Structure formats: C-alpha cells, structure tokens
file target-v5.cif (mmCIF, C-alpha atoms)
data_model
loop_
_atom_site.label_atom_id
_atom_site.label_comp_id
_atom_site.auth_asym_id
_atom_site.auth_seq_id
_atom_site.Cartn_x
_atom_site.Cartn_y
_atom_site.Cartn_z
CA MET B 1 55.34 129.53 100.11
CA THR B 2 55.99 132.80 101.92
CA LEU B 3 55.72 136.18 100.25
CA GLU B 4 59.51 136.51 100.32
CA GLU B 5 59.91 133.12 98.62
CA LYS B 6 57.38 134.13 95.95
CA ILE B 7 59.27 137.38 95.27
CA VAL B 8 62.59 135.53 94.96
CA GLN B 9 61.04 132.92 92.63
CA LEU B 10 59.42 135.57 90.44
CA THR B 11 62.70 137.49 90.26
CA LYS B 12 64.62 134.38 89.21
CA GLU B 13 62.02 133.51 86.56
CA THR B 14 62.17 137.05 85.19
CA LEU B 15 65.97 136.95 85.06
CA VAL B 16 65.86 133.65 83.15
CA ASP B 17 63.42 135.22 80.66
CA LEU B 18 65.74 138.24 80.25
CA VAL B 19 68.78 136.03 79.68
CA ASN B 20 66.85 134.10 77.04
CA LEU B 21 65.61 137.36 75.44
CA ARG B 22 61.94 136.52 75.96
CA TYR B 23 60.77 140.11 75.71
CA GLU B 24 57.33 139.24 74.31
CA LYS B 25 56.62 136.91 77.22
CA LEU B 26 57.72 139.58 79.69
CA LYS B 27 55.49 142.15 77.97
CA GLU B 28 52.52 139.76 78.02
CA GLU B 29 53.07 139.32 81.77
CA ASN B 30 53.30 143.12 82.18
CA LYS B 31 56.81 142.89 83.58
CA ILE B 32 58.22 145.21 80.90
CA ASN B 33 56.81 147.58 78.29
CA ASP B 34 58.01 148.67 74.84
CA GLU B 35 60.20 151.41 76.30
CA THR B 36 61.83 149.00 78.76
CA GLU B 37 62.38 146.46 75.99
CA LYS B 38 64.22 149.04 73.88
CA PHE B 39 66.31 150.09 76.88
CA LEU B 40 67.24 146.47 77.70
CA LYS B 41 68.20 145.76 74.09
CA ASP B 42 70.40 148.90 74.03
CA VAL B 43 72.10 148.01 77.31
CA ILE B 44 72.73 144.40 76.29
CA LEU B 45 74.07 145.60 72.94
CA MET B 46 76.53 147.92 74.72
CA GLN B 47 77.45 145.64 77.64
CA GLY B 48 77.41 142.21 76.01
CA THR B 49 75.48 139.05 76.74
CA LEU B 50 73.47 138.69 79.92
CA THR B 51 74.15 135.32 81.55
CA LEU B 52 73.03 133.33 84.56
CA PRO B 53 75.41 132.21 87.31
CA PRO B 54 76.74 128.64 86.93
CA SER B 55 74.47 127.33 89.67
CA ASP B 56 71.17 128.26 91.25
CA GLU B 57 72.95 128.52 94.60
CA GLU B 58 74.99 131.44 93.28
CA MET B 59 71.83 133.35 92.37
CA ASP B 60 71.26 134.79 95.82
CA ILE B 61 68.47 137.37 95.80
CA ASP B 62 67.87 139.52 98.86
CA VAL B 63 64.39 140.89 99.54
CA TYR B 64 64.24 144.14 101.48
#
call {"tool": "encode", "arguments": {"input": "target-v5.cif", "output": "structure tokens"}}
result
Amino acid sequence: MTLEEKIVQLTKETLVDLVNLRYEKLKEENKINDETEKFLKDVILMQGTLTLPPSDEEMDIDVY
C-alpha cells in the first residue's frame, strides 16, 4: 500500500468514526483532543447529522 493509499484509508476510517460519534476511540488514537471533541459536538449540533455518502465510490478523497 502506498503512502497516498494509507492516507486515504486513514481519512475514511476517521470519517466513519466521526459519523458514528466515536469520540473516545478518536481520542485514544490521538486523532482529536477534548477541545476538538467539544468543537465537533457544537458543529454537529448546529449543522445536523454528519452522514456518509451512499457508496464508497462517492467518497473520493484527494491527497495533496
């Protein structure tokens, strides 16, 4: 797996954890901290539910 593929995979896994509100898991993996968790909860509360696209093909992540 190339570095780009690893980045895309990690990004997708993190997005799935965010959609499923797995903040503790993300904090354990040092992807977010308490401040980020509070921010995400506030944003989701204001903006509504975070969802995934209907298919994996529609989740196109560009790596720059």
call {"tool": "atom_distance", "arguments": {"input": "target-v5.cif", "atom1": "atom CA of B:Thr2", "atom2": "atom CA of B:Pro54"}}
result
25.9 Å
call {"tool": "atom_distance", "arguments": {"input": "target-v5.cif", "atom1": "atom CA of B:Ile44", "atom2": "atom CA of B:Ile7"}}
result
24.3 Å
call {"tool": "resolve_selection", "arguments": {"input": "target-v5.cif", "expression": "the PyMOL selection byres ((chain B and resi 52) around 12)", "output": "count of residues only"}}
result
20
call {"tool": "closest_residue", "arguments": {"input": "target-v5.cif", "among": "B:Leu21, B:Leu26, B:Val8, B:Val43", "to": "B:Asp62", "atoms": "all atoms listed in the file"}}
result
B:Val8
call {"tool": "resolve_selection", "arguments": {"input": "target-v5.cif", "expression": "the PyMOL selection byres ((chain B and resi 37) around 12)", "output": "list in words"}}
result
Leu18, Leu21, Arg22, Tyr23, Glu24, Lys25, Leu26, Lys27, Asn30, Lys31, Ile32, Asn33, Asp34, Glu35, Thr36, Lys38, Phe39, Leu40, Lys41, Asp42, Val43 and Ile44 of chain B
call {"tool": "write_last_selection", "arguments": {"input": "target-v5.cif", "atoms": "C-alpha atoms", "output": "short mmCIF file (atom, residue, chain, number, x, y, z; two decimals), in the coordinates of the input"}}
result
data_model
loop_
_atom_site.label_atom_id
_atom_site.label_comp_id
_atom_site.auth_asym_id
_atom_site.auth_seq_id
_atom_site.Cartn_x
_atom_site.Cartn_y
_atom_site.Cartn_z
CA LEU B 18 65.74 138.24 80.25
CA LEU B 21 65.61 137.36 75.44
CA ARG B 22 61.94 136.52 75.96
CA TYR B 23 60.77 140.11 75.71
CA GLU B 24 57.33 139.24 74.31
CA LYS B 25 56.62 136.91 77.22
CA LEU B 26 57.72 139.58 79.69
CA LYS B 27 55.49 142.15 77.97
CA ASN B 30 53.30 143.12 82.18
CA LYS B 31 56.81 142.89 83.58
CA ILE B 32 58.22 145.21 80.90
CA ASN B 33 56.81 147.58 78.29
CA ASP B 34 58.01 148.67 74.84
CA GLU B 35 60.20 151.41 76.30
CA THR B 36 61.83 149.00 78.76
CA LYS B 38 64.22 149.04 73.88
CA PHE B 39 66.31 150.09 76.88
CA LEU B 40 67.24 146.47 77.70
CA LYS B 41 68.20 145.76 74.09
CA ASP B 42 70.40 148.90 74.03
CA VAL B 43 72.10 148.01 77.31
CA ILE B 44 72.73 144.40 76.29
#
call {"tool": "axis_aligned_box", "arguments": {"input": "target-v5.cif", "around": "stretch 25-40 of chain B", "padding_each_side": "5 Å", "output": "lines of an AutoDock Vina configuration file"}}
result
center_x = 59.9
center_y = 144.2
center_z = 78.7
size_x = 24.7
size_y = 24.5
size_z = 19.7
call {"tool": "build_atoms", "arguments": {"input": "target-v5.cif", "residues": "stretch 11-27 of chain B", "atoms": "N, CA, C and O atoms", "output": "JSON list (two decimals), in the coordinates of the input"}}
result
[["chain", "number", "residue", "atom", "x", "y", "z"],
["B", 11, "THR", "N", 61.50, 136.79, 90.71],
["B", 11, "THR", "CA", 62.70, 137.49, 90.26],
["B", 11, "THR", "C", 63.60, 136.57, 89.46],
["B", 11, "THR", "O", 64.11, 136.94, 88.40],
["B", 12, "LYS", "N", 63.79, 135.35, 89.94],
["B", 12, "LYS", "CA", 64.62, 134.38, 89.21],
["B", 12, "LYS", "C", 64.00, 134.03, 87.86],
["B", 12, "LYS", "O", 64.71, 133.96, 86.86],
["B", 13, "GLU", "N", 62.69, 133.83, 87.83],
["B", 13, "GLU", "CA", 62.02, 133.51, 86.56],
["B", 13, "GLU", "C", 62.16, 134.66, 85.57],
["B", 13, "GLU", "O", 62.39, 134.43, 84.38],
["B", 14, "THR", "N", 62.04, 135.88, 86.06],
["B", 14, "THR", "CA", 62.17, 137.05, 85.19],
["B", 14, "THR", "C", 63.59, 137.16, 84.66],
["B", 14, "THR", "O", 63.81, 137.44, 83.47],
["B", 15, "LEU", "N", 64.57, 136.90, 85.50],
["B", 15, "LEU", "CA", 65.97, 136.95, 85.06],
["B", 15, "LEU", "C", 66.23, 135.90, 83.98],
["B", 15, "LEU", "O", 66.88, 136.18, 82.97],
["B", 16, "VAL", "N", 65.70, 134.71, 84.15],
["B", 16, "VAL", "CA", 65.86, 133.65, 83.15],
["B", 16, "VAL", "C", 65.23, 134.10, 81.82],
["B", 16, "VAL", "O", 65.82, 133.91, 80.75],
["B", 17, "ASP", "N", 64.06, 134.72, 81.88],
["B", 17, "ASP", "CA", 63.42, 135.22, 80.66],
["B", 17, "ASP", "C", 64.27, 136.32, 80.01],
["B", 17, "ASP", "O", 64.39, 136.38, 78.78],
["B", 18, "LEU", "N", 64.88, 137.19, 80.80],
["B", 18, "LEU", "CA", 65.74, 138.24, 80.25],
["B", 18, "LEU", "C", 66.97, 137.64, 79.59],
["B", 18, "LEU", "O", 67.37, 138.06, 78.50],
["B", 19, "VAL", "N", 67.59, 136.67, 80.24],
["B", 19, "VAL", "CA", 68.78, 136.03, 79.68],
["B", 19, "VAL", "C", 68.45, 135.37, 78.34],
["B", 19, "VAL", "O", 69.24, 135.42, 77.40],
["B", 20, "ASN", "N", 67.26, 134.80, 78.25],
["B", 20, "ASN", "CA", 66.85, 134.10, 77.04],
["B", 20, "ASN", "C", 66.12, 135.02, 76.05],
["B", 20, "ASN", "O", 65.53, 134.55, 75.08],
["B", 21, "LEU", "N", 66.17, 136.33, 76.33],
["B", 21, "LEU", "CA", 65.61, 137.36, 75.44],
["B", 21, "LEU", "C", 64.13, 137.13, 75.13],
["B", 21, "LEU", "O", 63.68, 137.32, 74.01],
["B", 22, "ARG", "N", 63.38, 136.76, 76.13],
["B", 22, "ARG", "CA", 61.94, 136.52, 75.96],
["B", 22, "ARG", "C", 61.14, 137.79, 76.26],
["B", 22, "ARG", "O", 60.31, 137.84, 77.16],
["B", 23, "TYR", "N", 61.40, 138.82, 75.47],
["B", 23, "TYR", "CA", 60.77, 140.11, 75.71],
["B", 23, "TYR", "C", 59.26, 140.05, 75.54],
["B", 23, "TYR", "O", 58.52, 140.68, 76.31],
["B", 24, "GLU", "N", 58.78, 139.32, 74.53],
["B", 24, "GLU", "CA", 57.33, 139.24, 74.31],
["B", 24, "GLU", "C", 56.62, 138.61, 75.50],
["B", 24, "GLU", "O", 55.57, 139.07, 75.92],
["B", 25, "LYS", "N", 57.22, 137.56, 76.04],
["B", 25, "LYS", "CA", 56.62, 136.91, 77.22],
["B", 25, "LYS", "C", 56.58, 137.88, 78.39],
["B", 25, "LYS", "O", 55.57, 137.98, 79.09],
["B", 26, "LEU", "N", 57.67, 138.62, 78.59],
["B", 26, "LEU", "CA", 57.72, 139.58, 79.69],
["B", 26, "LEU", "C", 56.70, 140.70, 79.49],
["B", 26, "LEU", "O", 56.09, 141.17, 80.46],
["B", 27, "LYS", "N", 56.50, 141.11, 78.24],
["B", 27, "LYS", "CA", 55.49, 142.15, 77.97],
["B", 27, "LYS", "C", 54.08, 141.60, 78.20],
["B", 27, "LYS", "O", 53.24, 142.31, 78.76]]
